[in-house]
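Chemist: What follows is a structure written as structure tokens; I'll ask about it next.
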Amino acid sequence: MSEKADLTDISKLAGKIRRHVVRMTHRAKSSHVGSSLSMADLLAVLYGGILRVPPTEPHWPDRDRFILSKGHGAAALYAVLAEKGFFPVEKLGTFYQDGSDLAGHATHSDVPGVEVSTGSLGHGLGIACGMALAGQRDHRPYRVFVLLSDGDCDEGSTWEAILFASHHHLDNLVAIIDYNKIQSLAGTEETLALEPFGDKWRAFGWSVREINGHDLAEIQSALKTVPWQVGRPSCVIAHTVKGKGVSFMENSVLWHYRHPDKDELQRALAELGGAE
Amino acid sequence: MELAETDERIFLVVADVGFCVMDPFVERFPLRFLNVGVAEQNMTAIAAGLAMCGKVVFTYSIAGFPTLRCLEQIRNDVCYHNADVKIVSGGGGLGYGALGVTHHATEDMAVMRALPRMTVVAPGDPVEAELAVRALVAQPGPAYLRLGRSGEPLVHKPGVSFRLGEAIRVREEGEITLIATGTVLYATVLAAKRLSRHGIQARILSMHTVKPLDTEAVIAAARETNAIFTIEEHSILGGLGSAVAETLAESGLHVRFKRLGLPDMFTTVVGCQEYLKDVYSLSIDGIVKQVVTSLRSWSLSTSGSSLCSPAPRA
């Protein structure tokens with residue numbers, strides 16, 4: 001398959017993820033639509049050819065591991081897993097509902113394809129370090145990818161893991177930051193300034209690339225070539241837009257918690273090319 | 001060490017403690033040892049990640065550090081994922097006495113006990129400690145192993161029968177029951193000897209496993225003896241005493257009951273472990289005095305006027 005065709009497929013997948021996300025959050029009246037939309041392109045590239053994890057064998061020992069440290073983006077993760085065949089797409093309709101398996105934060109229990117339950121920020125990178133270390137010590141070929149929010153990087157436990165990963169040369173570990181620069185009450189620079197963000201990761205011994213988190217070719221180019229430096233873990237700082245894809249949700253703190261009502265859902269779907 | 005020889009899954013992850021103690025393991029199994037630095041949350045997350053990849057992981061620090069500092073990691077990363085991680089703390093209770101309150105583990109068992117899927121074990125002596133480690137490796141899943149310091153006195157002979165969740169009957173006969181957990185077992189045994197010289201016979205249970213509690217042994221004690229005392233180097237809130245109280249209260253049985261342990265306060269004076277135990281009446285004398293005082297207040301007999309030495313300094 002040519003790379004262009006490849007990216008076309010990935011773009012379609014990202015569109016499907018976004019449409020699922022707005023439908024799911026509307027039906028469930030759940031939060032975090034903005035956070036789920038900002039990571040859709042990253043997930044589409046990851047599951048569109050980067051991650052070696054067969055949907056029919058989600059426990060294959062040599063699979064690449066993916067951890068969604070920003071567990072509140074669960075809707076997007078469930079959407080991409082369903083689209084790739086880890087479980088039926090119909091199951092997405094049960095998101096956040098009574099009796100469901102699909103909790104509002106990423107949950108591993110009875111959900112094929114979800115490696116680790118997350119939701120409390122700051123846990124994912126440390127667990128990823130443990131998995132990456134096991135892989136190195138066991139001489140297994142798998143990589144560990146972990147997607148963090150900027151909020152994850154407020155937690156001290158994340159920085160413990162950042163120190164650890166470079167100290168132990170975990171070059172089979174890739175951290176991706178969905179850097180949409182908005183947290184739950186205000187922007188990141190107003191809340192707890194992360195800048196100079198890339199410099200901080202570099203100072204902690206990581207190999208760092210900053211990309212446009214909505215440019216599929218850029219995302220793919222970065223992730224296809226990890227590790228960029230042997231002996232160093234890789235950090236992709238993906239500059240993203242919270243709520244990306246739905247104009248009235250973009251760059252807005254409001255859409256961290258607010259769910260789309262019926263009218264907003266229609267407008268969102270129209271923009272996302274999937275009016276109902 | 002011995003288990004790690006034959007079981008390649010075993011890893012040891014420490015948070016910058018254990019000077020010299022870890023050396024044999026480090027030398028023999030360098031690729032299965034990690035010192036993560038003073039980073040207990042990361043220690044626990046890494047342990048969970050390793051366990052998710054098939055390892056059996058022991059984490060280790062002292063006092064309350066491997067539990068309280070990283071409680072959420074224990075709850076969400078270890079327990080919720082049923083990860084095969086055994087959390088080990090050294091110097092449980094007042095083991096690091098004179099180092100001060102920050103180094104006292106006095107609420108750890110209460111907190112660990114409240115976590116689903118967590119087994120909580122406080123061995124009463126080095127024999128129990130070794131048997132506990134073997135039993136925990138053989139039983140997959142989260143566990144908290146609360147040790148004392150090294151050089152604790154022996155209560156058991158080697159070869160004592162040990163099963164997780166089953167109290168060891170150190171002494172059978174008695175009209176009262178003393179249930180101890182952890183290294184206060186030794187003082188409990190000596191206290192029982194002193195009590196017996198004065199006409200009070202005590203059944204002694206080593207309740208090494210506080211969760212799951214050996215409720216059958218507790219019920220039997222309630223049915224067969226007149227009073228039950230729990231003894232722990234831990235707050236009386238939430239640990240062994242509370243666990244036994246829960247069972248007794250729901251049993252419908254009536255039996256006199258008292259929790260001996262640390263009061264709901266931080267220590268107000270500096271001292272080594274034995275000194276502090278004396279201050280809080282957990283020394284041999286202290287245990288004897290508390291038992292006698294309670295029995296008298298319940299009008300449950302006793303004879304003998306010279307059971308104890310003078311009252312401990314407050």
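Ligands are numbered from 1 in the order shown, residues from 1 within each chain, and chains are lettered A, B, ... in the order they appear in the structure tokens.
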List as a tab-separated table (two decimals) with N, CA and C atoms, in the first residue's frame the protein and nucleic acid residues near Ser281 in chain B, meaning an atom at most 8 Å away when only C-alpha atoms are counted, but skip any in the same chain fewer than 5 places from it.

Modeler:
chain	number	residue	atom	x	y	z
B	286	GLY	N	3.69	-4.29	80.32
B	286	GLY	CA	2.54	-3.47	79.90
B	286	GLY	C	1.37	-4.35	79.50
B	287	ILE	N	1.68	-5.41	78.76
B	287	ILE	CA	0.61	-6.32	78.33
B	287	ILE	C	-0.01	-6.99	79.55
B	289	LYS	N	-0.10	-5.96	82.64
B	289	LYS	CA	-0.87	-4.99	83.43
B	289	LYS	C	-2.21	-4.68	82.79
B	290	GLN	N	-2.20	-4.50	81.46
B	290	GLN	CA	-3.48	-4.18	80.79
B	290	GLN	C	-4.45	-5.35	80.89
B	312	PRO	N	4.48	1.99	84.13
B	312	PRO	CA	5.44	2.60	83.20
B	312	PRO	C	5.37	4.11	83.24

Chemist: Starting from chain B, keep only residues with some atom at most 12 Å from an atom of chain A, counting only C-alpha atoms, and report them as a ChimeraX atom specification.

Modeler: /B:8-11,13,15,29-57,69-83

Chemist: Counting only C-alpha atoms, which residue out of A:Cys235, A:Ile219, A:Ala268, A:Met39 sits closest to Asn180 in chain A?

Modeler: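 Counting only C-alpha atoms, the residue closest to Asn180 in chain A is A:Met39.
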
Chemist: Need the shell around Leu46 in chain A: protein/DNA/RNA residues with any atom at most 8 Å away, counting only C-alpha atoms. Skip same-chain ones fewer than 4 positions apart. Format as number ranges by chain?

Modeler: A: 42, 50-51, 220, 223

Chemist: Counting only C-alpha atoms, what is within 10 Å of Glu264 in chain A, bar same-chain residues fewer than 4 positions away, as a PyMOL selection string?

Modeler: chain A and resi 22+26+246+248-249+259-260+268-270

Chemist: Please produce an output containing C-alpha atoms for each residue in the selection, written as a PDB file, in the first residue's frame.

Modeler:
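Saved file result_25.pdb follows:
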ATOM      1  CA  VAL A  22     -19.292  12.996  20.001  1.00  0.00           C
ATOM      2  CA  HIS A  26     -23.787  12.925  23.950  1.00  0.00           C
ATOM      3  CA  VAL A 246     -15.516  20.585  15.990  1.00  0.00           C
ATOM      4  CA  PHE A 248     -17.203  25.383  18.601  1.00  0.00           C
ATOM      5  CA  MET A 249     -15.405  22.928  20.871  1.00  0.00           C
ATOM      6  CA  HIS A 259     -21.143  17.079  26.879  1.00  0.00           C
ATOM      7  CA  PRO A 260     -22.854  17.964  23.589  1.00  0.00           C
ATOM      8  CA  ALA A 268     -20.621  18.503  15.432  1.00  0.00           C
ATOM      9  CA  LEU A 269     -21.467  15.557  13.194  1.00  0.00           C
ATOM     10  CA  ALA A 270     -22.111  17.875  10.285  1.00  0.00           C
TER      11      ALA A 270
END

Chemist: Record the distance separating CA of Leu240 in chain B and CA of Ala227 in chain B, expressed in Å with one decimal.

Modeler: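 Pair CA of Leu240 in chain B / CA of Ala227 in chain B returns 15.9 Å.
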
Chemist: Would you please work out which residue, of A:Trp60, A:Gly113, A:Gly104, A:Ser221, is nearest to Phe86 in chain A when using only C-alpha atoms?

Modeler: A:Gly113

Chemist: I need the residues of range 1-100 of chain A that end up classed as strand (DSSP E) by DSSP on the backbone, written out as a list in words.

Modeler: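 Those in range 1-100 of chain A that DSSP calls strand (DSSP E) are Arg65, Phe66, Ile67 and Leu68 of chain A.
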
Chemist: Do a neighbour search on range 93-99 of chain A at 12 Å with only C-alpha atoms, toss out local chain neighbours closer than 5 positions, and write the hits as an mmCIF file with N, CA and C atoms, in the first residue's frame.

Modeler:
data_model
loop_
_atom_site.group_PDB
_atom_site.id
_atom_site.type_symbol
_atom_site.label_atom_id
_atom_site.label_comp_id
_atom_site.auth_asym_id
_atom_site.auth_seq_id
_atom_site.Cartn_x
_atom_site.Cartn_y
_atom_site.Cartn_z
ATOM 1 N N HIS A 20 -17.612 8.869 16.590
ATOM 2 C CA HIS A 20 -17.993 8.012 17.730
ATOM 3 C C HIS A 20 -17.940 8.808 19.034
ATOM 4 N N VAL A 21 -16.878 9.567 19.190
ATOM 5 C CA VAL A 21 -16.666 10.290 20.458
ATOM 6 C C VAL A 21 -17.821 11.249 20.739
ATOM 7 N N VAL A 22 -18.223 12.025 19.719
ATOM 8 C CA VAL A 22 -19.292 12.996 20.001
ATOM 9 C C VAL A 22 -20.614 12.263 20.256
ATOM 10 N N ARG A 23 -20.840 11.163 19.535
ATOM 11 C CA ARG A 23 -22.065 10.396 19.784
ATOM 12 C C ARG A 23 -22.052 9.792 21.194
ATOM 13 N N MET A 24 -20.929 9.207 21.537
ATOM 14 C CA MET A 24 -20.831 8.532 22.841
ATOM 15 C C MET A 24 -21.007 9.519 23.990
ATOM 16 N N THR A 25 -20.334 10.645 23.896
ATOM 17 C CA THR A 25 -20.402 11.598 25.021
ATOM 18 C C THR A 25 -21.784 12.248 25.081
ATOM 19 N N HIS A 26 -22.423 12.397 23.926
ATOM 20 C CA HIS A 26 -23.787 12.925 23.950
ATOM 21 C C HIS A 26 -24.719 11.935 24.626
ATOM 22 N N ARG A 27 -24.672 10.686 24.172
ATOM 23 C CA ARG A 27 -25.596 9.661 24.687
ATOM 24 C C ARG A 27 -25.383 9.453 26.185
ATOM 25 N N ALA A 28 -24.120 9.455 26.566
ATOM 26 C CA ALA A 28 -23.793 9.156 27.959
ATOM 27 C C ALA A 28 -23.856 10.380 28.856
ATOM 28 N N LYS A 29 -23.973 11.553 28.231
ATOM 29 C CA LYS A 29 -23.896 12.822 28.983
ATOM 30 C C LYS A 29 -22.613 12.862 29.813
ATOM 31 N N SER A 30 -21.536 12.431 29.183
ATOM 32 C CA SER A 30 -20.280 12.325 29.936
ATOM 33 C C SER A 30 -19.326 13.456 29.575
ATOM 34 N N SER A 31 -18.335 13.625 30.409
ATOM 35 C CA SER A 31 -17.331 14.681 30.214
ATOM 36 C C SER A 31 -16.241 14.236 29.242
ATOM 37 N N HIS A 72 -9.003 9.667 30.930
ATOM 38 C CA HIS A 72 -10.276 10.351 30.687
ATOM 39 C C HIS A 72 -10.574 10.481 29.198
ATOM 40 N N ALA A 74 -10.980 8.050 27.391
ATOM 41 C CA ALA A 74 -11.419 6.670 27.146
ATOM 42 C C ALA A 74 -12.317 6.540 25.931
ATOM 43 N N ALA A 75 -13.190 7.493 25.735
ATOM 44 C CA ALA A 75 -14.140 7.364 24.617
ATOM 45 C C ALA A 75 -13.394 7.171 23.306
ATOM 46 N N ALA A 76 -12.330 7.934 23.126
ATOM 47 C CA ALA A 76 -11.552 7.826 21.890
ATOM 48 C C ALA A 76 -10.842 6.479 21.809
ATOM 49 N N LEU A 77 -10.318 6.021 22.923
ATOM 50 C CA LEU A 77 -9.627 4.721 22.918
ATOM 51 C C LEU A 77 -10.601 3.598 22.603
ATOM 52 N N TYR A 78 -11.738 3.598 23.280
ATOM 53 C CA TYR A 78 -12.733 2.553 23.006
ATOM 54 C C TYR A 78 -13.131 2.592 21.525
ATOM 55 N N ALA A 79 -13.285 3.812 20.982
ATOM 56 C CA ALA A 79 -13.720 3.962 19.587
ATOM 57 C C ALA A 79 -12.702 3.336 18.637
ATOM 58 N N ALA A 82 -12.668 -0.486 18.923
ATOM 59 C CA ALA A 82 -13.830 -1.096 18.274
ATOM 60 C C ALA A 82 -13.642 -1.089 16.761
ATOM 61 N N PRO A 88 -16.953 -5.543 19.312
ATOM 62 C CA PRO A 88 -17.936 -5.031 18.354
ATOM 63 C C PRO A 88 -18.198 -3.537 18.529
ATOM 64 N N GLY A 104 -16.203 5.382 32.275
ATOM 65 C CA GLY A 104 -15.860 6.705 31.770
ATOM 66 C C GLY A 104 -14.370 6.963 31.676
ATOM 67 N N HIS A 105 -13.592 6.187 32.429
ATOM 68 C CA HIS A 105 -12.137 6.221 32.293
ATOM 69 C C HIS A 105 -11.691 4.848 31.817
ATOM 70 N N ALA A 106 -10.608 4.816 31.081
ATOM 71 C CA ALA A 106 -10.166 3.579 30.436
ATOM 72 C C ALA A 106 -10.075 2.437 31.446
ATOM 73 N N THR A 107 -10.739 1.368 31.143
ATOM 74 C CA THR A 107 -10.842 0.242 32.074
ATOM 75 C C THR A 107 -10.482 -1.040 31.356
ATOM 76 N N VAL A 111 -12.503 -5.542 28.764
ATOM 77 C CA VAL A 111 -12.447 -4.732 27.539
ATOM 78 C C VAL A 111 -11.173 -5.111 26.781
#
